[in-house]
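Below: one structure, written as structure tokens.
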Amino acid sequence: MGERLTVTISDGELAAQAAPLVDQLVADQVASKVAAQDPTLWGPDAESEASIRLSWTTLHKSSRPLIGEIEALREELRSEGVDRIVLAGMGGSSLAPEVIAATEHVALTVLDTTDPGQVADALAGDLQRTVLVVSSKSGGTVETDSHRRIFAKAFAENGIDAARRIVVVTDPGSPLAELAEKEGYRKVFLADPHVGGRYSALTAFGLVPAGLAGADIARLLDQAAAAAQVLGSDSPDNPALQLAAAWGAAHNAGAEKVVLADTGSGITGFADWAEQLIAESTGKLGTGLLPVAVDGPAAPGFADAKADATPVAIGPDTGNAAVSTTGSLGAQFLLWEFATAIAGRLLKINPFDQPDVEAAKKAARALLDDPSKLSGGETPSATDDAVEIFAPAGVSGDGTLPDVLREFLATAPEGGYLAVQAYLDRLDDASAALLRPELAKRTGLQTTFGWGPRFLHSTGQYHKGGHQNGIFLQITGASENDLDVPDRPYTLGQLQHAQALGDGQVLTEHGRPVLRLHLTDRAAGLAQLMRAVQEAQ
């Protein structure tokens, strides 16, 4: 993994457009002001939020005490034969530790789902060797609370003291912190409350789960520390200013999408983490940058990117990228956080709030409060073998699946995008991800793919708050074996269904087309859907 932190703008036209923006950022001393946690950089409307959201700039120093604490707990657990780490967390609580663990090749089971099958798989592991890390900034995340309840019950049923097997990461004073104290959980790590979830990679949220799994978090902080000085410097050579200016210049020219591909960085899954950071930070007030994570530089949407998108390589430029970044994982975390915050200034938005995220949660809660709307209250517009079709207004919806898909895809505006949202098991139903390149290739649209409900904590903000030129393909599936959520009036399957319907409802209220396809048999339905995509064009 290359240690030197670089940003290269290889597209000559984009470099020329970005240069004056870099010069202005240098003249305005933006980098040093970010490093000094100046909350005035994003205008008066953002100042109160920014004043309590900038501690991420010094985490390479302030997170150092965690190293010893995490190491001590890891050794303690291992001495008791407990070495399987399961993380219950969503969005900023799960994406960074997953990247750290995968990059370091240490085992971490991540639960960022409400799919009963995926949670059941995690429960089926050796509970005698398992510790559950319950990670939630607000302390009230419904998915994470559900996982905690399910695992606590499973521990107890297997004769295991649940309190000794639950470790909590949360903000001071949160409901979860209070519960942990009341229940006597094994350990509580209180994170810095002045860091937003998507900027929290180097806080306890990123470091505790990965460190317990065996990742070298001291080295990660060293990498960030080595990059901090250059990222806070008011110099045209500052990689964060260059990356932010490239995004800003591209956006000004009509390229509001940023296509992310790994080109040999040595980092695993970085685009999934960057996706939340960029989309949730910038996608608001009808503007923003839409990140599109793809499999590699040869993937549809990257190699053939049109004028509406900028291909960015994570790793060296292999010839298809307009921009490329190299550096160690700790350095890249800090680089992209600086660049995203600075891009917010260029786009004239507040990069620290997420005003549209709550709408989908509220709609899901309303559905859970009235379960009749979740069972038997829906009538598909058509059924084609293993797929029930719920077509949006303006799409006839009474034909075969290829016909409906063809009509739906035609609703995309010029220069718009397609979002595929799979409320499925990302392990057992992994083949669903193949829909992204297939649809991108056949439609020519920039196409994103998200596992539900985890994308609601990520790109979900952009979908409602960003450029309103998206169309949405929702895929839901029947669950063979549902799971009860202890002391809650709903099952995991009902929660997953409510999240899909709630988000679809909010998108529809925003005037966006949502086609929901419900797979009555997941394996057969996914195979059928892939064939239909191939026939639709």
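All residue names refer to the structure tokens as shown: chains lettered A, B, ... in order, residues numbered from 1 in each chain, ligands numbered from 1 in order.
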Write out as a list of chain:residue names each polymer residue whose atoms come within 6 Å of stretch 514-526 of chain A, counting only C-alpha atoms; drop sequence neighbours fewer than 2 positions from it.
A:Ala386, A:Val387, A:Glu388, A:Ile389, A:Phe390, A:Ala391, A:Pro392, A:Phe472, A:Leu473, A:Gln474, A:Ile475, A:Thr476, A:Gly477, A:Ala478, A:Gln528, A:Leu529
Would you mind exporting N, CA, C and O atoms of the selected residues as a PDB file, in the first residue's frame?
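Produced file selection-v1.pdb, reproduced below:
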```
ATOM      1  N   ALA A 386     -42.019 -15.718 -10.366  1.00  0.00           N
ATOM      2  CA  ALA A 386     -41.589 -15.512  -8.980  1.00  0.00           C
ATOM      3  C   ALA A 386     -41.481 -14.039  -8.609  1.00  0.00           C
ATOM      4  O   ALA A 386     -40.936 -13.703  -7.562  1.00  0.00           O
ATOM      5  N   VAL A 387     -41.998 -13.146  -9.452  1.00  0.00           N
ATOM      6  CA  VAL A 387     -41.848 -11.700  -9.206  1.00  0.00           C
ATOM      7  C   VAL A 387     -43.210 -11.015  -9.191  1.00  0.00           C
ATOM      8  O   VAL A 387     -43.957 -11.067 -10.170  1.00  0.00           O
ATOM      9  N   GLU A 388     -43.517 -10.377  -8.059  1.00  0.00           N
ATOM     10  CA  GLU A 388     -44.694  -9.517  -7.979  1.00  0.00           C
ATOM     11  C   GLU A 388     -44.264  -8.094  -8.331  1.00  0.00           C
ATOM     12  O   GLU A 388     -43.247  -7.609  -7.825  1.00  0.00           O
ATOM     13  N   ILE A 389     -45.027  -7.451  -9.203  1.00  0.00           N
ATOM     14  CA  ILE A 389     -44.656  -6.142  -9.738  1.00  0.00           C
ATOM     15  C   ILE A 389     -45.539  -5.058  -9.114  1.00  0.00           C
ATOM     16  O   ILE A 389     -46.766  -5.143  -9.147  1.00  0.00           O
ATOM     17  N   PHE A 390     -44.883  -4.059  -8.520  1.00  0.00           N
ATOM     18  CA  PHE A 390     -45.587  -2.893  -7.974  1.00  0.00           C
ATOM     19  C   PHE A 390     -45.088  -1.684  -8.760  1.00  0.00           C
ATOM     20  O   PHE A 390     -44.015  -1.147  -8.461  1.00  0.00           O
ATOM     21  N   ALA A 391     -45.842  -1.298  -9.774  1.00  0.00           N
ATOM     22  CA  ALA A 391     -45.368  -0.281 -10.723  1.00  0.00           C
ATOM     23  C   ALA A 391     -45.728   1.127 -10.244  1.00  0.00           C
ATOM     24  O   ALA A 391     -46.761   1.325  -9.600  1.00  0.00           O
ATOM     25  N   PRO A 392     -44.881   2.097 -10.569  1.00  0.00           N
ATOM     26  CA  PRO A 392     -45.192   3.484 -10.208  1.00  0.00           C
ATOM     27  C   PRO A 392     -46.221   4.082 -11.160  1.00  0.00           C
ATOM     28  O   PRO A 392     -46.500   3.527 -12.235  1.00  0.00           O
ATOM     29  N   PHE A 472     -35.801   4.689  -9.267  1.00  0.00           N
ATOM     30  CA  PHE A 472     -35.453   3.775  -8.186  1.00  0.00           C
ATOM     31  C   PHE A 472     -36.080   2.400  -8.390  1.00  0.00           C
ATOM     32  O   PHE A 472     -37.306   2.277  -8.489  1.00  0.00           O
ATOM     33  N   LEU A 473     -35.227   1.392  -8.449  1.00  0.00           N
ATOM     34  CA  LEU A 473     -35.662   0.002  -8.580  1.00  0.00           C
ATOM     35  C   LEU A 473     -35.482  -0.674  -7.230  1.00  0.00           C
ATOM     36  O   LEU A 473     -34.357  -0.948  -6.802  1.00  0.00           O
ATOM     37  N   GLN A 474     -36.585  -0.911  -6.551  1.00  0.00           N
ATOM     38  CA  GLN A 474     -36.559  -1.577  -5.245  1.00  0.00           C
ATOM     39  C   GLN A 474     -36.781  -3.074  -5.436  1.00  0.00           C
ATOM     40  O   GLN A 474     -37.684  -3.484  -6.162  1.00  0.00           O
ATOM     41  N   ILE A 475     -35.969  -3.868  -4.763  1.00  0.00           N
ATOM     42  CA  ILE A 475     -36.152  -5.324  -4.797  1.00  0.00           C
ATOM     43  C   ILE A 475     -36.349  -5.805  -3.371  1.00  0.00           C
ATOM     44  O   ILE A 475     -35.473  -5.608  -2.509  1.00  0.00           O
ATOM     45  N   THR A 476     -37.503  -6.393  -3.103  1.00  0.00           N
ATOM     46  CA  THR A 476     -37.762  -6.985  -1.802  1.00  0.00           C
ATOM     47  C   THR A 476     -37.954  -8.490  -2.006  1.00  0.00           C
ATOM     48  O   THR A 476     -38.130  -8.954  -3.132  1.00  0.00           O
ATOM     49  N   GLY A 477     -37.898  -9.250  -0.919  1.00  0.00           N
ATOM     50  CA  GLY A 477     -38.000 -10.698  -1.072  1.00  0.00           C
ATOM     51  C   GLY A 477     -38.689 -11.357   0.102  1.00  0.00           C
ATOM     52  O   GLY A 477     -38.594 -10.893   1.252  1.00  0.00           O
ATOM     53  N   ALA A 478     -39.387 -12.454  -0.170  1.00  0.00           N
ATOM     54  CA  ALA A 478     -40.029 -13.232   0.894  1.00  0.00           C
ATOM     55  C   ALA A 478     -38.949 -13.860   1.768  1.00  0.00           C
ATOM     56  O   ALA A 478     -37.905 -14.272   1.274  1.00  0.00           O
ATOM     57  N   GLN A 528     -34.663 -14.747 -12.689  1.00  0.00           N
ATOM     58  CA  GLN A 528     -35.679 -14.238 -13.615  1.00  0.00           C
ATOM     59  C   GLN A 528     -35.469 -12.752 -13.899  1.00  0.00           C
ATOM     60  O   GLN A 528     -35.589 -12.296 -15.047  1.00  0.00           O
ATOM     61  N   LEU A 529     -35.127 -12.011 -12.856  1.00  0.00           N
ATOM     62  CA  LEU A 529     -34.906 -10.570 -13.016  1.00  0.00           C
ATOM     63  C   LEU A 529     -33.704 -10.298 -13.906  1.00  0.00           C
ATOM     64  O   LEU A 529     -33.751  -9.400 -14.769  1.00  0.00           O
TER      65      LEU A 529
END
```
Residue contacts of A:Tyr462 (8 Å, only C-alpha atoms) excluding same-chain residues fewer than 4 positions away, as an MDAnalysis selection string:
chainID A and resid 279:280 282:284 288 290 466:467
Export of the given selection (C-alpha atoms) as a PDB file, in the first residue's frame:
```pdb
ATOM      1  CA  ALA A 279     -23.597  11.413  -0.611  1.00  0.00           C
ATOM      2  CA  GLU A 280     -24.796  12.256   2.888  1.00  0.00           C
ATOM      3  CA  THR A 282     -23.254  16.918  -0.152  1.00  0.00           C
ATOM      4  CA  GLY A 283     -26.668  15.643  -1.320  1.00  0.00           C
ATOM      5  CA  LYS A 284     -29.063  18.350  -0.142  1.00  0.00           C
ATOM      6  CA  GLY A 288     -24.634  17.469  -4.444  1.00  0.00           C
ATOM      7  CA  LEU A 290     -23.662  11.305  -6.257  1.00  0.00           C
ATOM      8  CA  GLY A 466     -29.712  15.850  -4.018  1.00  0.00           C
ATOM      9  CA  HIS A 467     -30.298  16.325  -7.732  1.00  0.00           C
TER      10      HIS A 467
END
```
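Nearest to A:Gln37 of all the residues A:Leu347, A:Ala50, A:Ala88, A:Ala213 is A:Ala50, based on only C-alpha atoms.
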Among stretch 105-202 of chain A, which ones does DSSP assign to strand (DSSP E) (computed from the backbone)? Answer as a ChimeraX atom specification.
/A:109-111,130-136,166-170,187-190
Could you dump the residues just selected with C-alpha atoms as a PDB file, in the first residue's frame?
```pdb
ATOM      1  CA  THR A 109     -18.949 -10.126  11.110  1.00  0.00           C
ATOM      2  CA  VAL A 110     -20.907  -6.984  10.262  1.00  0.00           C
ATOM      3  CA  LEU A 111     -24.651  -6.787  10.859  1.00  0.00           C
ATOM      4  CA  THR A 130     -18.753 -14.419  20.311  1.00  0.00           C
ATOM      5  CA  VAL A 131     -18.790 -10.863  21.584  1.00  0.00           C
ATOM      6  CA  LEU A 132     -21.349  -8.407  20.178  1.00  0.00           C
ATOM      7  CA  VAL A 133     -20.249  -4.811  19.645  1.00  0.00           C
ATOM      8  CA  VAL A 134     -23.372  -2.633  19.686  1.00  0.00           C
ATOM      9  CA  SER A 135     -22.460   0.599  17.964  1.00  0.00           C
ATOM     10  CA  SER A 136     -24.819   3.569  17.629  1.00  0.00           C
ATOM     11  CA  ILE A 166     -21.954  -7.057  24.879  1.00  0.00           C
ATOM     12  CA  VAL A 167     -19.623  -4.104  24.298  1.00  0.00           C
ATOM     13  CA  VAL A 168     -21.129  -0.714  23.508  1.00  0.00           C
ATOM     14  CA  VAL A 169     -19.837   2.190  21.415  1.00  0.00           C
ATOM     15  CA  THR A 170     -22.003   5.307  21.625  1.00  0.00           C
ATOM     16  CA  LYS A 187     -17.511  -2.239  28.474  1.00  0.00           C
ATOM     17  CA  VAL A 188     -18.755   1.078  27.148  1.00  0.00           C
ATOM     18  CA  PHE A 189     -16.611   3.184  24.817  1.00  0.00           C
ATOM     19  CA  LEU A 190     -17.874   6.765  24.675  1.00  0.00           C
TER      20      LEU A 190
END
```
Quick one, how far is atom CA of A:Ile70 from atom CA of A:Leu212?
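According to the coordinates, atom CA of A:Ile70 and atom CA of A:Leu212 are separated by 6.3 Å.
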Distance atom CA of A:Ser10-atom CA of A:Val323, one decimal place?
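Distance between the two atoms: 5.9 Å.
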Given only C-alpha atoms as the counted atoms, nearest of A:Ala36, A:Leu25, A:Ala498, A:Ala16 to A:Pro371
A:Ala498
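The shortest atom-to-atom distance to A:Ala224, with only C-alpha atoms taken into account, belongs to A:Phe333 out of A:Trp247, A:Trp56, A:Tyr417, A:Phe333.
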Of the candidates A:Asp272, A:Asp295, A:Asp115, A:Asp23, which shows the shortest atom-to-atom distance to A:Asp484, using only C-alpha atoms?
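Of A:Asp272, A:Asp295, A:Asp115, A:Asp23, the one nearest A:Asp484 is A:Asp115, counting only C-alpha atoms.
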Alpha helix (DSSP H) residues, from DSSP on the backbone, in stretch 48-129 of chain A, as a CSV table (one decimal) with all heavy atoms, in the first residue's frame:
```
chain,number,residue,atom,x,y,z
A,48,SER,N,-23.8,26.8,13.5
A,48,SER,CA,-24.1,26.1,14.7
A,48,SER,C,-23.8,24.6,14.6
A,48,SER,O,-23.2,24.0,15.6
A,48,SER,CB,-25.5,26.4,15.2
A,48,SER,OG,-26.4,25.8,14.3
A,49,GLU,N,-24.2,24.0,13.5
A,49,GLU,CA,-23.9,22.6,13.3
A,49,GLU,C,-22.4,22.3,13.2
A,49,GLU,O,-21.8,21.4,13.8
A,49,GLU,CB,-24.6,22.1,12.1
A,49,GLU,CG,-24.4,20.6,11.8
A,49,GLU,CD,-25.4,19.7,12.5
A,49,GLU,OE1,-26.4,20.2,12.9
A,49,GLU,OE2,-25.1,18.5,12.7
A,50,ALA,N,-21.7,23.1,12.4
A,50,ALA,CA,-20.3,23.0,12.1
A,50,ALA,C,-19.5,23.1,13.4
A,50,ALA,O,-18.5,22.5,13.6
A,50,ALA,CB,-19.8,24.0,11.1
A,59,LEU,N,-8.4,13.6,15.3
A,59,LEU,CA,-8.6,12.3,15.9
A,59,LEU,C,-7.3,11.5,15.9
A,59,LEU,O,-7.2,10.6,16.7
A,59,LEU,CB,-9.7,11.5,15.1
A,59,LEU,CG,-11.1,12.0,15.3
A,59,LEU,CD1,-12.1,11.4,14.3
A,59,LEU,CD2,-11.6,11.8,16.7
A,60,HIS,N,-6.4,11.8,14.9
A,60,HIS,CA,-5.1,11.1,14.9
A,60,HIS,C,-4.4,11.3,16.2
A,60,HIS,O,-3.5,10.5,16.6
A,60,HIS,CB,-4.3,11.5,13.7
A,60,HIS,CG,-4.1,13.0,13.6
A,60,HIS,ND1,-5.1,13.8,13.1
A,60,HIS,CD2,-3.1,13.8,13.9
A,60,HIS,CE1,-4.7,15.1,13.1
A,60,HIS,NE2,-3.4,15.1,13.6
A,61,LYS,N,-4.7,12.4,17.0
A,61,LYS,CA,-4.1,12.6,18.3
A,61,LYS,C,-5.1,12.1,19.4
A,61,LYS,O,-4.7,11.4,20.3
A,61,LYS,CB,-3.8,14.1,18.5
A,61,LYS,CG,-2.8,14.7,17.5
A,61,LYS,CD,-2.7,16.2,17.8
A,61,LYS,CE,-1.9,16.9,16.7
A,61,LYS,NZ,-2.0,18.3,16.9
A,62,SER,N,-6.3,12.6,19.3
A,62,SER,CA,-7.3,12.4,20.4
A,62,SER,C,-7.7,10.9,20.6
A,62,SER,O,-8.2,10.6,21.7
A,62,SER,CB,-8.5,13.3,20.3
A,62,SER,OG,-9.1,13.1,19.0
A,65,PRO,N,-5.6,7.3,23.2
A,65,PRO,CA,-5.9,6.5,24.4
A,65,PRO,C,-6.7,5.2,24.1
A,65,PRO,O,-6.6,4.3,24.9
A,65,PRO,CB,-6.7,7.5,25.3
A,65,PRO,CG,-6.3,8.8,24.8
A,65,PRO,CD,-6.0,8.7,23.3
A,66,LEU,N,-7.4,5.2,23.0
A,66,LEU,CA,-8.2,4.0,22.7
A,66,LEU,C,-7.3,2.8,22.4
A,66,LEU,O,-7.7,1.6,22.6
A,66,LEU,CB,-9.0,4.2,21.5
A,66,LEU,CG,-10.3,5.1,21.6
A,66,LEU,CD1,-10.9,5.4,20.3
A,66,LEU,CD2,-11.3,4.4,22.5
A,67,ILE,N,-6.1,3.0,22.0
A,67,ILE,CA,-5.2,1.9,21.6
A,67,ILE,C,-5.0,0.9,22.7
A,67,ILE,O,-5.3,-0.3,22.6
A,67,ILE,CB,-3.8,2.4,21.0
A,67,ILE,CG1,-4.0,3.3,19.8
A,67,ILE,CG2,-2.9,1.2,20.7
A,67,ILE,CD1,-2.8,4.0,19.4
A,68,GLY,N,-4.6,1.4,23.9
A,68,GLY,CA,-4.4,0.6,25.0
A,68,GLY,C,-5.7,-0.1,25.5
A,68,GLY,O,-5.7,-1.3,25.9
A,69,GLU,N,-6.8,0.7,25.6
A,69,GLU,CA,-8.0,0.2,26.1
A,69,GLU,C,-8.5,-1.0,25.2
A,69,GLU,O,-9.0,-2.0,25.7
A,69,GLU,CB,-9.1,1.3,26.0
A,69,GLU,CG,-9.0,2.3,27.2
A,69,GLU,CD,-10.2,3.2,27.1
A,69,GLU,OE1,-11.3,2.8,27.5
A,69,GLU,OE2,-10.1,4.4,26.7
A,70,ILE,N,-8.4,-0.8,23.9
A,70,ILE,CA,-8.9,-1.9,23.0
A,70,ILE,C,-8.0,-3.1,23.1
A,70,ILE,O,-8.5,-4.2,23.1
A,70,ILE,CB,-9.0,-1.3,21.5
A,70,ILE,CG1,-10.0,-0.2,21.4
A,70,ILE,CG2,-9.3,-2.5,20.5
A,70,ILE,CD1,-9.9,0.6,20.1
A,71,GLU,N,-6.7,-2.9,23.2
A,71,GLU,CA,-5.8,-4.0,23.3
A,71,GLU,C,-6.1,-4.8,24.5
A,71,GLU,O,-6.1,-6.0,24.5
A,71,GLU,CB,-4.4,-3.4,23.3
A,71,GLU,CG,-3.4,-4.3,22.5
A,71,GLU,CD,-2.1,-3.5,22.3
A,71,GLU,OE1,-1.3,-3.4,23.2
A,71,GLU,OE2,-1.9,-2.9,21.2
A,72,ALA,N,-6.3,-4.1,25.6
A,72,ALA,CA,-6.5,-4.8,26.9
A,72,ALA,C,-7.8,-5.6,26.9
A,72,ALA,O,-7.8,-6.8,27.3
A,72,ALA,CB,-6.6,-3.7,28.0
A,73,LEU,N,-8.9,-5.0,26.3
A,73,LEU,CA,-10.1,-5.8,26.2
A,73,LEU,C,-10.0,-7.0,25.3
A,73,LEU,O,-10.5,-8.1,25.6
A,73,LEU,CB,-11.2,-4.9,25.7
A,73,LEU,CG,-12.6,-5.5,25.6
A,73,LEU,CD1,-13.1,-6.1,26.9
A,73,LEU,CD2,-13.6,-4.5,25.1
A,74,ARG,N,-9.3,-6.8,24.2
A,74,ARG,CA,-9.1,-7.9,23.2
A,74,ARG,C,-8.3,-9.1,23.9
A,74,ARG,O,-8.7,-10.2,23.8
A,74,ARG,CB,-8.3,-7.4,22.0
A,74,ARG,CG,-8.1,-8.5,20.9
A,74,ARG,CD,-7.4,-8.0,19.7
A,74,ARG,NE,-6.0,-7.8,19.9
A,74,ARG,CZ,-5.4,-6.7,19.5
A,74,ARG,NH1,-6.0,-5.7,18.9
A,74,ARG,NH2,-4.1,-6.5,19.8
A,75,GLU,N,-7.3,-8.8,24.7
A,75,GLU,CA,-6.5,-9.8,25.3
A,75,GLU,C,-7.4,-10.5,26.4
A,75,GLU,O,-7.3,-11.7,26.6
A,75,GLU,CB,-5.3,-9.2,25.9
A,75,GLU,CG,-4.2,-8.8,24.9
A,75,GLU,CD,-4.0,-9.8,23.8
A,75,GLU,OE1,-3.7,-11.0,24.2
A,75,GLU,OE2,-4.1,-9.5,22.6
A,76,GLU,N,-8.2,-9.7,27.1
A,76,GLU,CA,-9.0,-10.2,28.2
A,76,GLU,C,-10.1,-11.2,27.6
A,76,GLU,O,-10.3,-12.3,28.1
A,76,GLU,CB,-9.8,-9.0,28.8
A,76,GLU,CG,-10.3,-9.2,30.2
A,76,GLU,CD,-10.9,-7.9,30.7
A,76,GLU,OE1,-10.2,-6.9,31.0
A,76,GLU,OE2,-12.2,-7.8,30.6
A,77,LEU,N,-10.7,-10.8,26.5
A,77,LEU,CA,-11.7,-11.6,25.8
A,77,LEU,C,-11.0,-12.9,25.3
A,77,LEU,O,-11.6,-14.0,25.5
A,77,LEU,CB,-12.3,-10.9,24.6
A,77,LEU,CG,-13.3,-9.7,25.0
A,77,LEU,CD1,-13.6,-8.9,23.8
A,77,LEU,CD2,-14.6,-10.3,25.6
A,78,ARG,N,-9.9,-12.8,24.7
A,78,ARG,CA,-9.2,-14.0,24.1
A,78,ARG,C,-8.8,-14.9,25.2
A,78,ARG,O,-8.8,-16.2,25.0
A,78,ARG,CB,-8.0,-13.5,23.3
A,78,ARG,CG,-8.5,-12.9,21.9
A,78,ARG,CD,-7.3,-12.6,21.0
A,78,ARG,NE,-7.9,-12.1,19.7
A,78,ARG,CZ,-7.2,-11.7,18.7
A,78,ARG,NH1,-5.8,-11.8,18.8
A,78,ARG,NH2,-7.7,-11.3,17.6
A,79,SER,N,-8.4,-14.4,26.4
A,79,SER,CA,-8.1,-15.3,27.5
A,79,SER,C,-9.3,-16.1,27.9
A,79,SER,O,-9.1,-17.2,28.6
A,79,SER,CB,-7.5,-14.5,28.6
A,79,SER,OG,-8.5,-13.8,29.3
A,95,LEU,N,-19.5,1.0,8.3
A,95,LEU,CA,-18.7,1.1,7.1
A,95,LEU,C,-17.2,1.1,7.3
A,95,LEU,O,-16.4,0.4,6.6
A,95,LEU,CB,-19.2,2.2,6.2
A,95,LEU,CG,-20.7,2.0,5.7
A,95,LEU,CD1,-21.2,3.4,5.2
A,95,LEU,CD2,-20.8,1.0,4.6
A,96,ALA,N,-16.8,2.0,8.1
A,96,ALA,CA,-15.3,2.2,8.4
A,96,ALA,C,-14.7,0.9,9.0
A,96,ALA,O,-13.7,0.4,8.5
A,96,ALA,CB,-15.0,3.4,9.2
A,97,PRO,N,-15.3,0.4,10.1
A,97,PRO,CA,-14.6,-0.8,10.6
A,97,PRO,C,-14.6,-2.0,9.7
A,97,PRO,O,-13.7,-2.8,9.7
A,97,PRO,CB,-15.5,-1.1,11.9
A,97,PRO,CG,-16.7,-0.3,11.8
A,97,PRO,CD,-16.4,0.9,10.9
A,98,GLU,N,-15.6,-2.1,8.8
A,98,GLU,CA,-15.6,-3.1,7.8
A,98,GLU,C,-14.4,-3.0,6.8
A,98,GLU,O,-13.8,-3.9,6.5
A,98,GLU,CB,-16.9,-3.2,7.0
A,98,GLU,CG,-17.1,-4.4,6.1
A,98,GLU,CD,-18.5,-4.6,5.6
A,98,GLU,OE1,-19.2,-3.6,5.3
A,98,GLU,OE2,-18.9,-5.7,5.6
A,99,VAL,N,-14.2,-1.7,6.4
A,99,VAL,CA,-13.0,-1.5,5.5
A,99,VAL,C,-11.7,-1.7,6.2
A,99,VAL,O,-10.8,-2.4,5.6
A,99,VAL,CB,-13.1,0.0,5.0
A,99,VAL,CG1,-11.8,0.3,4.2
A,99,VAL,CG2,-14.3,0.3,4.1
A,100,ILE,N,-11.6,-1.3,7.5
A,100,ILE,CA,-10.3,-1.5,8.2
A,100,ILE,C,-10.1,-3.0,8.4
A,100,ILE,O,-9.0,-3.5,8.1
A,100,ILE,CB,-10.4,-0.8,9.6
A,100,ILE,CG1,-10.6,0.7,9.4
A,100,ILE,CG2,-9.2,-1.1,10.4
A,100,ILE,CD1,-11.0,1.4,10.7
A,101,ALA,N,-11.1,-3.7,8.8
A,101,ALA,CA,-10.9,-5.2,9.0
A,101,ALA,C,-10.6,-5.9,7.7
A,101,ALA,O,-9.7,-6.8,7.7
A,101,ALA,CB,-12.2,-5.7,9.7
A,102,ALA,N,-11.3,-5.6,6.7
A,102,ALA,CA,-11.1,-6.3,5.4
A,102,ALA,C,-9.7,-6.0,4.9
A,102,ALA,O,-9.0,-6.9,4.3
A,102,ALA,CB,-12.1,-5.9,4.4
A,103,THR,N,-9.2,-4.7,5.0
A,103,THR,CA,-7.9,-4.3,4.5
A,103,THR,C,-6.8,-5.0,5.3
A,103,THR,O,-5.8,-5.4,4.8
A,103,THR,CB,-7.8,-2.8,4.6
A,103,THR,OG1,-8.8,-2.2,3.7
A,103,THR,CG2,-6.4,-2.3,4.1
A,104,GLU,N,-7.1,-5.2,6.6
A,104,GLU,CA,-6.1,-5.8,7.5
A,104,GLU,C,-6.2,-7.3,7.5
A,104,GLU,O,-5.5,-8.0,8.2
A,104,GLU,CB,-6.2,-5.3,8.9
A,104,GLU,CG,-5.9,-3.8,9.0
A,104,GLU,CD,-4.6,-3.6,9.7
A,104,GLU,OE1,-4.2,-4.4,10.5
A,104,GLU,OE2,-4.0,-2.5,9.5
A,116,PRO,N,-33.8,-11.2,7.9
A,116,PRO,CA,-33.8,-12.2,8.9
A,116,PRO,C,-32.8,-13.3,8.6
A,116,PRO,O,-32.2,-13.9,9.5
A,116,PRO,CB,-35.2,-12.8,8.8
A,116,PRO,CG,-36.1,-11.7,8.2
A,116,PRO,CD,-35.1,-11.0,7.3
A,117,GLY,N,-32.6,-13.7,7.3
A,117,GLY,CA,-31.7,-14.7,6.9
A,117,GLY,C,-30.2,-14.3,7.3
A,117,GLY,O,-29.5,-15.2,7.8
A,118,GLN,N,-29.9,-13.1,7.0
A,118,GLN,CA,-28.5,-12.7,7.3
A,118,GLN,C,-28.2,-12.6,8.8
A,118,GLN,O,-27.1,-13.0,9.2
A,118,GLN,CB,-28.2,-11.3,6.6
A,118,GLN,CG,-26.8,-10.9,6.5
A,118,GLN,CD,-26.5,-9.7,5.8
A,118,GLN,OE1,-27.3,-9.3,4.9
A,118,GLN,NE2,-25.5,-9.0,6.1
A,119,VAL,N,-29.2,-12.2,9.5
A,119,VAL,CA,-29.0,-12.1,11.0
A,119,VAL,C,-29.0,-13.5,11.5
A,119,VAL,O,-28.2,-13.9,12.4
A,119,VAL,CB,-30.2,-11.3,11.6
A,119,VAL,CG1,-30.1,-11.3,13.2
A,119,VAL,CG2,-30.1,-9.8,11.2
A,120,ALA,N,-29.8,-14.4,11.0
A,120,ALA,CA,-29.8,-15.8,11.4
A,120,ALA,C,-28.5,-16.5,11.2
A,120,ALA,O,-28.0,-17.3,12.0
A,120,ALA,CB,-30.9,-16.6,10.7
A,121,ASP,N,-27.8,-16.2,10.1
A,121,ASP,CA,-26.5,-16.7,9.8
A,121,ASP,C,-25.5,-16.3,10.8
A,121,ASP,O,-24.7,-17.1,11.3
A,121,ASP,CB,-26.0,-16.2,8.4
A,121,ASP,CG,-26.6,-17.0,7.2
A,121,ASP,OD1,-27.3,-18.0,7.5
A,121,ASP,OD2,-26.5,-16.5,6.1
A,122,ALA,N,-25.6,-15.0,11.2
A,122,ALA,CA,-24.7,-14.5,12.3
A,122,ALA,C,-24.9,-15.2,13.6
A,122,ALA,O,-24.0,-15.5,14.4
A,122,ALA,CB,-24.8,-13.0,12.4
A,123,LEU,N,-26.2,-15.4,13.9
A,123,LEU,CA,-26.6,-16.1,15.1
A,123,LEU,C,-26.1,-17.6,15.1
A,123,LEU,O,-25.9,-18.2,16.2
A,123,LEU,CB,-28.1,-16.1,15.3
A,123,LEU,CG,-28.8,-14.9,15.9
A,123,LEU,CD1,-30.3,-15.1,15.9
A,123,LEU,CD2,-28.3,-14.7,17.3
```
Nearest to A:Arg129: which of A:Gly43, A:Pro297, A:Gly81, A:Pro437 is it, counting only C-alpha atoms?
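Nearest to A:Arg129: A:Gly81.
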